[in-house]
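Text of the file final-v2.txt, holding compact mmCIF, C-alpha atoms and all ligand atoms:
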# COMPACT_ATOMS: atom_id res chain seq x y z
CA MET B 1 -10.57 -19.50 -12.94
CA MET B 2 -10.01 -16.26 -11.02
CA ARG B 3 -6.41 -15.04 -11.09
CA ILE B 4 -5.03 -12.96 -8.24
CA THR B 5 -1.54 -11.48 -7.97
CA ILE B 6 -0.20 -11.07 -4.44
CA ILE B 7 2.69 -8.76 -3.57
CA TYR B 8 4.17 -9.39 -0.12
CA GLY B 9 5.93 -6.35 1.35
CA ASN B 10 8.18 -8.47 3.57
CA GLU B 11 9.79 -11.90 3.45
CA ARG B 12 8.86 -13.02 6.97
CA LYS B 13 6.19 -15.65 7.31
CA GLY B 14 4.72 -13.74 10.25
CA SER B 15 1.42 -12.12 11.12
CA THR B 16 0.87 -10.37 7.78
CA TYR B 17 1.73 -13.52 5.83
CA ASN B 18 -0.71 -15.50 7.99
CA CYS B 19 -3.50 -12.97 7.38
CA VAL B 20 -2.90 -13.32 3.63
CA ARG B 21 -2.87 -17.12 4.07
CA ILE B 22 -6.32 -16.95 5.71
CA LEU B 23 -7.59 -14.67 2.95
CA LYS B 24 -6.31 -17.07 0.27
CA LYS B 25 -8.05 -20.00 1.97
CA GLU B 26 -11.32 -18.09 2.26
CA LEU B 27 -11.16 -17.08 -1.41
CA GLN B 28 -10.51 -20.68 -2.43
CA ASN B 29 -13.53 -21.79 -0.39
CA LEU B 30 -15.63 -19.42 -2.50
CA GLY B 31 -14.45 -20.65 -5.90
CA SER B 32 -11.59 -21.56 -8.14
CA VAL B 33 -8.76 -19.07 -7.59
CA GLU B 34 -5.16 -19.12 -8.78
CA PHE B 35 -2.52 -17.03 -6.98
CA ILE B 36 0.66 -15.59 -8.47
CA GLU B 37 2.99 -14.36 -5.75
CA PHE B 38 5.91 -11.95 -5.53
CA ILE B 39 7.91 -11.49 -2.37
CA LEU B 40 9.70 -8.24 -1.59
CA PRO B 41 12.50 -7.31 -1.41
CA LYS B 42 13.58 -10.66 -2.94
CA ASP B 43 11.78 -10.08 -6.26
CA LEU B 44 12.66 -6.38 -6.51
CA PRO B 45 15.69 -5.62 -4.31
CA HIS B 46 16.19 -2.04 -5.54
CA PHE B 47 15.10 1.46 -4.69
CA CYS B 48 13.89 3.74 -7.49
CA HIS B 49 16.94 5.80 -8.56
CA GLY B 50 14.75 8.77 -9.46
CA CYS B 51 16.28 8.87 -12.95
CA PHE B 52 12.90 9.81 -14.49
CA ASN B 53 13.62 7.39 -17.36
CA CYS B 54 10.21 5.70 -16.99
CA PHE B 55 8.39 9.03 -17.24
CA LEU B 56 10.54 10.60 -19.97
CA ASN B 57 11.90 7.73 -22.10
CA GLY B 58 9.50 4.85 -21.45
CA GLU B 59 9.23 2.22 -18.71
CA ASP B 60 11.51 -0.14 -20.64
CA THR B 61 14.42 2.25 -19.92
CA CYS B 62 14.08 1.83 -16.13
CA PRO B 63 17.35 0.32 -14.82
CA HIS B 64 15.20 -2.29 -13.01
CA TYR B 65 12.89 -3.02 -15.96
CA ASP B 66 13.86 -6.72 -16.07
CA LEU B 67 12.54 -7.15 -12.51
CA VAL B 68 9.59 -4.75 -12.66
CA LYS B 69 8.21 -6.04 -15.99
CA PRO B 70 7.34 -9.61 -14.86
CA ILE B 71 5.49 -8.24 -11.83
CA VAL B 72 3.57 -5.66 -13.88
CA ASP B 73 2.78 -8.28 -16.56
CA GLU B 74 1.26 -10.59 -13.94
CA ILE B 75 -0.74 -7.73 -12.44
CA LEU B 76 -2.10 -6.82 -15.88
CA PHE B 77 -3.01 -10.44 -16.55
CA SER B 78 -4.80 -10.86 -13.20
CA ASP B 79 -8.38 -10.16 -12.20
CA GLY B 80 -7.41 -8.80 -8.79
CA ILE B 81 -4.37 -7.61 -6.85
CA ILE B 82 -3.49 -8.05 -3.18
CA LEU B 83 -0.86 -5.77 -1.62
CA SER B 84 0.32 -6.80 1.85
CA SER B 85 2.72 -5.12 4.25
CA PRO B 86 3.31 -5.01 7.98
CA VAL B 87 3.57 -1.56 9.56
CA TYR B 88 7.16 -0.34 9.78
CA ALA B 89 7.69 3.16 11.23
CA LEU B 90 3.95 3.86 10.96
CA ASP B 91 3.78 3.02 7.24
CA VAL B 92 4.53 0.29 4.68
CA THR B 93 7.88 -1.50 4.63
CA GLY B 94 10.68 0.10 2.63
CA ALA B 95 10.50 -2.84 0.21
CA MET B 96 6.80 -2.21 -0.51
CA LYS B 97 7.37 1.53 -0.90
CA ALA B 98 10.29 0.87 -3.28
CA PHE B 99 8.00 -1.36 -5.37
CA LEU B 100 5.17 1.22 -5.41
CA ASP B 101 7.65 3.90 -6.53
CA HIS B 102 8.44 1.76 -9.58
CA LEU B 103 4.75 1.91 -10.64
CA CYS B 104 4.31 5.70 -10.72
CA TYR B 105 4.74 5.85 -14.49
CA MET B 106 1.45 3.95 -14.85
CA TRP B 107 -0.58 6.21 -12.57
CA ILE B 108 -3.55 7.99 -14.20
CA PRO B 109 -1.63 11.32 -14.44
CA HIS B 110 1.00 9.59 -16.64
CA ARG B 111 0.43 6.45 -18.74
CA PRO B 112 -2.26 4.35 -17.01
CA LYS B 113 -2.83 0.81 -18.29
CA LYS B 114 -6.31 0.28 -19.71
CA GLU B 115 -6.48 -3.16 -18.05
CA MET B 116 -6.22 -1.67 -14.54
CA PHE B 117 -9.61 0.04 -14.81
CA SER B 118 -11.49 -3.24 -14.61
CA LYS B 119 -9.56 -4.84 -11.73
CA THR B 120 -10.21 -5.18 -8.03
CA GLY B 121 -7.71 -4.72 -5.24
CA MET B 122 -7.22 -5.54 -1.60
CA VAL B 123 -4.65 -4.27 0.88
CA ILE B 124 -3.66 -6.11 4.02
CA THR B 125 -1.61 -4.91 6.95
CA THR B 126 -0.78 -5.85 10.52
CA THR B 127 0.78 -3.77 13.24
CA ALA B 128 1.86 -4.31 16.83
CA GLY B 129 -0.09 -1.23 17.89
CA ALA B 130 -0.18 1.84 15.66
CA GLY B 131 -0.02 2.89 12.02
CA ILE B 132 -2.75 0.79 10.38
CA ASN B 133 -4.36 3.75 8.61
CA PRO B 134 -1.27 5.42 7.09
CA CYS B 135 0.03 2.00 6.03
CA LYS B 136 -3.27 1.10 4.36
CA LYS B 137 -3.46 4.55 2.77
CA THR B 138 -0.06 4.25 1.08
CA MET B 139 -1.11 1.00 -0.64
CA LEU B 140 -4.68 2.21 -1.31
CA ASN B 141 -3.35 5.37 -2.97
CA THR B 142 -1.36 3.36 -5.49
CA LEU B 143 -4.35 1.17 -6.38
CA LYS B 144 -6.58 4.25 -6.66
CA TYR B 145 -4.14 6.13 -8.90
CA LEU B 146 -3.59 3.04 -11.07
CA GLY B 147 -7.32 3.16 -11.79
CA VAL B 148 -8.40 0.00 -9.91
CA LYS B 149 -12.20 -0.26 -9.89
CA ARG B 150 -12.99 -1.58 -6.40
CA ILE B 151 -10.62 -1.68 -3.45
CA TYR B 152 -10.95 -3.34 -0.06
CA SER B 153 -8.70 -3.23 2.97
CA PHE B 154 -7.98 -5.16 6.12
CA GLY B 155 -5.78 -4.19 9.04
CA ALA B 156 -5.17 -5.92 12.36
CA ARG B 157 -3.65 -4.59 15.55
CA VAL B 158 -2.02 -7.81 16.70
CA LYS B 159 -0.27 -6.62 19.88
CA ALA B 160 2.53 -9.09 19.16
CA TYR B 161 5.79 -9.44 17.27
CA LYS B 162 4.91 -12.82 15.85
CA TRP B 163 1.84 -14.75 14.77
CA GLU B 164 2.35 -17.46 17.41
CA ASN B 165 2.11 -14.84 20.18
CA ILE B 166 -1.24 -13.38 19.12
CA ALA B 167 -4.00 -14.03 21.66
CA GLU B 168 -6.44 -16.73 20.52
CA VAL B 169 -9.40 -14.37 20.92
CA ASN B 170 -7.68 -11.86 18.62
CA LYS B 171 -6.97 -14.58 16.03
CA ILE B 172 -10.65 -15.54 15.99
CA LYS B 173 -11.59 -11.89 15.43
CA ILE B 174 -9.01 -11.60 12.63
CA LYS B 175 -10.34 -14.74 10.90
CA LYS B 176 -13.94 -13.53 11.12
CA GLU B 177 -13.08 -10.11 9.71
CA ILE B 178 -10.97 -11.56 6.88
CA ARG B 179 -13.79 -13.97 5.96
CA LYS B 180 -16.14 -10.97 5.57
CA LYS B 181 -13.62 -9.07 3.44
CA ALA B 182 -12.88 -12.18 1.34
CA ARG B 183 -16.58 -12.51 0.41
CA LYS B 184 -16.75 -8.86 -0.65
CA PHE B 185 -13.49 -9.04 -2.61
CA TYR B 186 -14.47 -12.30 -4.31
CA SER B 187 -17.93 -11.08 -5.25
CA ALA B 188 -16.58 -7.76 -6.64
CA THR B 189 -13.89 -9.60 -8.61
CA ILE B 190 -16.37 -12.07 -10.12
CA ASN B 191 -18.72 -9.19 -11.03
CA ARG B 192 -16.04 -6.65 -11.88
CA GLU B 193 -17.22 -6.05 -15.46
CA ILE B 194 -20.65 -4.84 -14.28
CA LEU B 195 -19.52 -2.76 -11.31
CA SER B 196 -19.78 1.01 -11.66
CA TYR B 197 -16.55 3.01 -11.97
CA ARG B 198 -15.22 5.11 -9.08
CA LYS B 199 -16.10 8.81 -9.18
CA PHE B 200 -12.46 9.55 -8.25
CA THR B 201 -11.20 7.70 -11.35
CA LYS B 202 -13.57 9.55 -13.69
CA ILE B 203 -12.78 12.98 -12.24
CA LEU B 204 -9.00 12.45 -12.22
CA PHE B 205 -9.08 11.06 -15.77
CA ASN B 206 -10.98 14.12 -17.05
CA VAL B 207 -8.73 16.57 -15.21
CA MET B 208 -5.62 14.88 -16.67
CA LYS B 209 -7.16 14.73 -20.15
CA ASN B 210 -7.57 18.53 -20.15
CA MET B 211 -4.04 19.05 -18.83
CA ILE B 212 -2.34 16.58 -21.16
CA LYS B 213 -4.05 18.11 -24.22
CA ASN B 214 -1.89 21.20 -23.59
CA TYR B 215 1.42 19.26 -23.24
CA ASP B 216 4.06 19.45 -25.96
CA ASP B 217 3.27 16.86 -28.69
CA ASN B 218 6.58 15.04 -28.07
CA THR B 219 5.98 14.20 -24.41
CA PRO B 220 5.59 10.44 -23.88
CA ASP B 221 2.46 10.91 -21.76
CA LYS B 222 0.72 12.94 -24.51
CA LYS B 223 1.80 10.52 -27.25
CA TYR B 224 0.39 7.64 -25.18
CA TRP B 225 -2.95 9.33 -24.41
CA LYS B 226 -3.27 10.27 -28.08
CA GLN B 227 -2.49 6.74 -29.24
CA MET B 228 -5.12 5.38 -26.80
CA GLY B 229 -7.67 7.83 -28.25
CA TRP B 230 -8.13 9.29 -24.75
CA LEU B 231 -7.60 12.88 -25.94
CA ASP B 232 -10.70 12.42 -28.12
CA GLU B 233 -13.91 10.74 -26.99
CA ILE B 234 -12.53 7.30 -26.05
CA LYS B 235 -12.23 6.53 -22.33
CA PRO B 236 -10.83 3.50 -20.46
CA PHE B 237 -14.21 3.24 -18.71
CA SER B 238 -17.82 3.51 -19.88
C1 LIG L 301 11.35 -2.32 11.61
C2 LIG L 301 10.01 -2.48 12.26
C3 LIG L 301 9.25 -1.34 12.46
C4 LIG L 301 8.00 -1.43 13.09
N1 LIG L 301 7.28 -0.30 13.29
C5 LIG L 301 6.11 -0.36 13.97
C6 LIG L 301 5.36 0.83 14.23
O1 LIG L 301 5.69 1.93 13.80
N2 LIG L 301 4.22 0.72 14.96
C7 LIG L 301 3.80 -0.47 15.46
O2 LIG L 301 2.80 -0.51 16.15
N3 LIG L 301 4.47 -1.64 15.18
C8 LIG L 301 5.61 -1.60 14.47
N4 LIG L 301 6.30 -2.76 14.20
C9 LIG L 301 5.72 -4.07 14.57
C10 LIG L 301 5.05 -4.75 13.39
O3 LIG L 301 4.24 -3.86 12.64
C11 LIG L 301 4.13 -5.90 13.81
O4 LIG L 301 4.75 -6.72 14.72
C12 LIG L 301 3.66 -6.67 12.57
O5 LIG L 301 2.54 -7.46 12.92
C13 LIG L 301 4.78 -7.57 12.04
O6 LIG L 301 4.32 -8.24 10.89
P1 LIG L 301 5.00 -9.58 10.35
O7 LIG L 301 4.84 -10.61 11.44
O8 LIG L 301 4.25 -9.90 9.12
O9 LIG L 301 6.45 -9.26 10.12
C14 LIG L 301 7.53 -2.70 13.54
C15 LIG L 301 8.30 -3.84 13.30
C16 LIG L 301 9.52 -3.75 12.65
C17 LIG L 301 10.33 -4.99 12.39

Could you spell out this file's structure in structure tokens?
Amino acid sequence: MMRITIIYGNERKGSTYNCVRILKKELQNLGSVEFIEFILPKDLPHFCHGCFNCFLNGEDTCPHYDLVKPIVDEILFSDGIILSSPVYALDVTGAMKAFLDHLCYMWIPHRPKKEMFSKTGMVITTTAGAGINPCKKTMLNTLKYLGVKRIYSFGARVKAYKWENIAEVNKIKIKKEIRKKARKFYSATINREILSYRKFTKILFNVMKNMIKNYDDNTPDKKYWKQMGWLDEIKPFS
């Protein structure tokens, strides 16, 4: 069974939630899919304090580790990840951004998780009028820098404050577009082991490898890369 973790960037069961609901239904029409869901800010009601503990002393020293760990564990255990957020002030919600900040320690330039390199991702956003691209980009950047292998995105300009007020013709268009994206996401997730790796991932990994080699031996990032064998010939991708 395919396992997908969904992170909702807001608690409202509005337009973004309904787009994810359609995506879930389409995915389940394609095969057997299990969803694990986290709702923000409920499941992580904190901003990153900027203490640098995750970078310098290990992620388990983050003051919010108890809340971040279960989400990261589910992501690592899943085949694919869906990040969803409505547009607030031309970008993601504060709750989504606060969550993404808590993942920086596992970006490729720090201590990326090997498991992330074989996963797929999808980002979903809705806006009344503007901001689809910057909102998508914020979520896409995180997936890219975590090493995710294939990433898809969907954004809808809904011209409404709530799902019920969206014009029927627009809802039909949204459904059609999500169905298309669902097929691509499903097919990539099923075939994720045989998909080629992103050029971006390979280049960034090699750049960081050369930089990290010159770090002091005691830095957590260098210790981690060494332990993974990534400072020698081993790579998290083939
Ligand atoms: C605090 C806040 C900020 C928003 N900022 C924007 C914005 O910058 N541009 C825009 O077009 N719509 C903006 N909107 C409208 C929402 O993006 C839009 O209605 C979205 O579909 C709501 O999603 P939801 O129903 O899932 O909550 C904002 C809404 C809220 C509540």

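Between atom CA of Phe154 of chain B and atom CA of Arg183 of chain B there is a distance of 12.7 Å.
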
Neighbours of ligand LIG 301 (chain L) within 12 Å, counting all atoms listed in the file, as a VMD selection string? chain B and resid 8 to 21 84 to 95 124 to 135 155 to 166

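Every protein or nucleic acid residue with an atom no more than 9 Å from Leu146 of chain B, counting all atoms listed in the file and leaving out same-chain residues fewer than 6 positions away, appears here: Leu103, Cys104, Met106, Trp107, Ile108, Pro112, Lys113, Met116, Phe117 and Thr201 of chain B.
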
Original post:
Which polymer residues have any atom within 10 Å of an atom of segment 62-78 of chain B, counting only C-alpha atoms, with same-chain residues fewer than 6 positions away left out, as JSON, numbers by chain?
Top reply: {"B": [2, 3, 4, 5, 6, 7, 34, 35, 36, 37, 38, 43, 44, 45, 46, 47, 48, 49, 50, 51, 52, 53, 54, 55, 99, 102, 103, 106, 113, 114, 115, 116, 119, 120]}

Exercise. B:Ser153, B:Thr138, B:Thr61, B:Ser118: which is nearest Ile82 of chain B, counting only C-alpha atoms?
Worked result: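 Of B:Ser153, B:Thr138, B:Thr61, B:Ser118, the one nearest Ile82 of chain B is B:Ser153, counting only C-alpha atoms.
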
Quick one: of B:Leu100, B:Ile194, B:Val33, B:Leu231, who's nearest to Met208 of chain B, counting only C-alpha atoms?
->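 Ranked by minimum distance to Met208 of chain B, first place goes to B:Leu231.
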
Checklist line | Option closest in space to Ile212 of chain B, from B:Ala98, B:Arg111, B:Lys24, B:Glu193 [counting only C-alpha atoms] | finding: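 Among the listed residues, the smallest separation from Ile212 of chain B belongs to B:Arg111.
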
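Considering only C-alpha atoms, the residue among B:Asn218, B:Gln227, B:Ser238, B:Gln28 positioned nearest to Asn57 of chain B is B:Asn218.
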
Of B:Val148, B:Lys42, B:Met122, B:Asn206, the one sitting nearest Trp230 of chain B when using only C-alpha atoms is B:Asn206

Between B:Tyr186, B:Tyr105, B:Tyr152, B:Tyr145, single out the one closest to Asn29 of chain B, counting all atoms listed in the file.
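Of all the options, B:Tyr186 lies closest to Asn29 of chain B.
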
To test the calculation: enclose all listed atoms of segment 122-128 of chain B in a box whose edges run along x, y and z, add 8 Å on each side, then state centre and edge lengths in Å to one decimal, as AutoDock Vina command-line options.
--center_x -2.7 --center_y -4.9 --center_z 7.6 --size_x 25.1 --size_y 18.3 --size_z 34.4

How many Å lie between atom CA of Lys235 of chain B and atom CA of Glu59 of chain B, rounded to one decimal?
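About the pair atom CA of Lys235 of chain B and atom CA of Glu59 of chain B: they are 22.2 Å apart.
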
Since the input has fewer atoms than a full residue there, write segment 155-166 of chain B out with all heavy atoms, as an mmCIF file, keeping the file's coordinate frame.
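The result, written out as rebuild.cif:
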data_model
loop_
_atom_site.group_PDB
_atom_site.id
_atom_site.type_symbol
_atom_site.label_atom_id
_atom_site.label_comp_id
_atom_site.auth_asym_id
_atom_site.auth_seq_id
_atom_site.Cartn_x
_atom_site.Cartn_y
_atom_site.Cartn_z
ATOM 1 N N GLY B 155 -6.930 -4.464 8.171
ATOM 2 C CA GLY B 155 -5.780 -4.190 9.040
ATOM 3 C C GLY B 155 -6.038 -4.759 10.417
ATOM 4 O O GLY B 155 -7.152 -4.681 10.928
ATOM 5 N N ALA B 156 -5.006 -5.350 11.020
ATOM 6 C CA ALA B 156 -5.170 -5.920 12.360
ATOM 7 C C ALA B 156 -4.108 -5.372 13.302
ATOM 8 O O ALA B 156 -2.932 -5.312 12.951
ATOM 9 C CB ALA B 156 -5.076 -7.445 12.299
ATOM 10 N N ARG B 157 -4.586 -4.973 14.490
ATOM 11 C CA ARG B 157 -3.650 -4.590 15.550
ATOM 12 C C ARG B 157 -3.398 -5.858 16.355
ATOM 13 O O ARG B 157 -4.268 -6.317 17.088
ATOM 14 C CB ARG B 157 -4.306 -3.505 16.414
ATOM 15 C CG ARG B 157 -3.350 -2.750 17.293
ATOM 16 C CD ARG B 157 -3.996 -1.544 17.935
ATOM 17 N NE ARG B 157 -4.380 -0.540 16.952
ATOM 18 C CZ ARG B 157 -5.631 -0.224 16.653
ATOM 19 N NH1 ARG B 157 -6.630 -0.843 17.250
ATOM 20 N NH2 ARG B 157 -5.903 0.691 15.755
ATOM 21 N N VAL B 158 -2.218 -6.449 16.175
ATOM 22 C CA VAL B 158 -2.020 -7.810 16.700
ATOM 23 C C VAL B 158 -1.410 -7.851 18.095
ATOM 24 O O VAL B 158 -1.396 -8.886 18.746
ATOM 25 C CB VAL B 158 -1.180 -8.678 15.715
ATOM 26 C CG1 VAL B 158 -1.910 -8.875 14.395
ATOM 27 C CG2 VAL B 158 0.208 -8.077 15.473
ATOM 28 N N LYS B 159 -0.874 -6.734 18.537
ATOM 29 C CA LYS B 159 -0.270 -6.620 19.880
ATOM 30 C C LYS B 159 0.759 -7.726 20.108
ATOM 31 O O LYS B 159 0.808 -8.353 21.180
ATOM 32 C CB LYS B 159 -1.359 -6.691 20.964
ATOM 33 C CG LYS B 159 -2.371 -5.568 20.884
ATOM 34 C CD LYS B 159 -3.402 -5.698 21.999
ATOM 35 C CE LYS B 159 -4.605 -4.840 21.702
ATOM 36 N NZ LYS B 159 -5.857 -5.450 22.057
ATOM 37 N N ALA B 160 1.530 -8.010 19.065
ATOM 38 C CA ALA B 160 2.530 -9.090 19.160
ATOM 39 C C ALA B 160 3.582 -8.902 18.079
ATOM 40 O O ALA B 160 3.329 -8.253 17.071
ATOM 41 C CB ALA B 160 1.850 -10.444 18.983
ATOM 42 N N TYR B 161 4.739 -9.512 18.294
ATOM 43 C CA TYR B 161 5.790 -9.440 17.270
ATOM 44 C C TYR B 161 5.737 -10.641 16.334
ATOM 45 O O TYR B 161 6.342 -10.625 15.278
ATOM 46 C CB TYR B 161 7.172 -9.346 17.936
ATOM 47 C CG TYR B 161 7.336 -8.054 18.692
ATOM 48 C CD1 TYR B 161 7.592 -8.048 20.064
ATOM 49 C CD2 TYR B 161 7.181 -6.842 18.038
ATOM 50 C CE1 TYR B 161 7.711 -6.861 20.752
ATOM 51 C CE2 TYR B 161 7.296 -5.642 18.726
ATOM 52 C CZ TYR B 161 7.566 -5.655 20.079
ATOM 53 O OH TYR B 161 7.664 -4.480 20.756
ATOM 54 N N LYS B 162 5.068 -11.705 16.778
ATOM 55 C CA LYS B 162 4.910 -12.820 15.850
ATOM 56 C C LYS B 162 3.536 -13.468 15.961
ATOM 57 O O LYS B 162 2.873 -13.368 16.992
ATOM 58 C CB LYS B 162 6.035 -13.841 15.961
ATOM 59 C CG LYS B 162 6.512 -14.215 17.321
ATOM 60 C CD LYS B 162 7.661 -15.200 17.178
ATOM 61 C CE LYS B 162 7.902 -15.900 18.491
ATOM 62 N NZ LYS B 162 8.805 -17.001 18.396
ATOM 63 N N TRP B 163 3.165 -14.142 14.906
ATOM 64 C CA TRP B 163 1.840 -14.750 14.770
ATOM 65 C C TRP B 163 1.544 -15.676 15.943
ATOM 66 O O TRP B 163 0.447 -15.664 16.505
ATOM 67 C CB TRP B 163 1.788 -15.497 13.440
ATOM 68 C CG TRP B 163 0.506 -16.229 13.167
ATOM 69 C CD1 TRP B 163 0.340 -17.585 13.171
ATOM 70 C CD2 TRP B 163 -0.766 -15.659 12.842
ATOM 71 N NE1 TRP B 163 -0.965 -17.895 12.862
ATOM 72 C CE2 TRP B 163 -1.663 -16.732 12.652
ATOM 73 C CE3 TRP B 163 -1.241 -14.364 12.692
ATOM 74 C CZ2 TRP B 163 -3.001 -16.533 12.319
ATOM 75 C CZ3 TRP B 163 -2.583 -14.164 12.360
ATOM 76 C CH2 TRP B 163 -3.440 -15.235 12.178
ATOM 77 N N GLU B 164 2.529 -16.471 16.332
ATOM 78 C CA GLU B 164 2.350 -17.460 17.410
ATOM 79 C C GLU B 164 1.968 -16.797 18.731
ATOM 80 O O GLU B 164 1.357 -17.429 19.595
ATOM 81 C CB GLU B 164 3.632 -18.287 17.612
ATOM 82 C CG GLU B 164 3.994 -19.215 16.456
ATOM 83 C CD GLU B 164 4.555 -18.480 15.233
ATOM 84 O OE1 GLU B 164 4.992 -17.323 15.376
ATOM 85 O OE2 GLU B 164 4.523 -19.068 14.135
ATOM 86 N N ASN B 165 2.356 -15.521 18.902
ATOM 87 C CA ASN B 165 2.110 -14.840 20.180
ATOM 88 C C ASN B 165 0.772 -14.083 20.218
ATOM 89 O O ASN B 165 0.448 -13.472 21.230
ATOM 90 C CB ASN B 165 3.233 -13.840 20.477
ATOM 91 C CG ASN B 165 4.543 -14.554 20.746
ATOM 92 O OD1 ASN B 165 4.575 -15.781 20.871
ATOM 93 N ND2 ASN B 165 5.629 -13.800 20.800
ATOM 94 N N ILE B 166 0.041 -14.117 19.131
ATOM 95 C CA ILE B 166 -1.240 -13.380 19.120
ATOM 96 C C ILE B 166 -2.267 -14.141 19.951
ATOM 97 O O ILE B 166 -2.397 -15.374 19.833
ATOM 98 C CB ILE B 166 -1.754 -13.196 17.663
ATOM 99 C CG1 ILE B 166 -0.722 -12.434 16.829
ATOM 100 C CG2 ILE B 166 -3.087 -12.474 17.638
ATOM 101 C CD1 ILE B 166 -1.107 -12.268 15.370
#
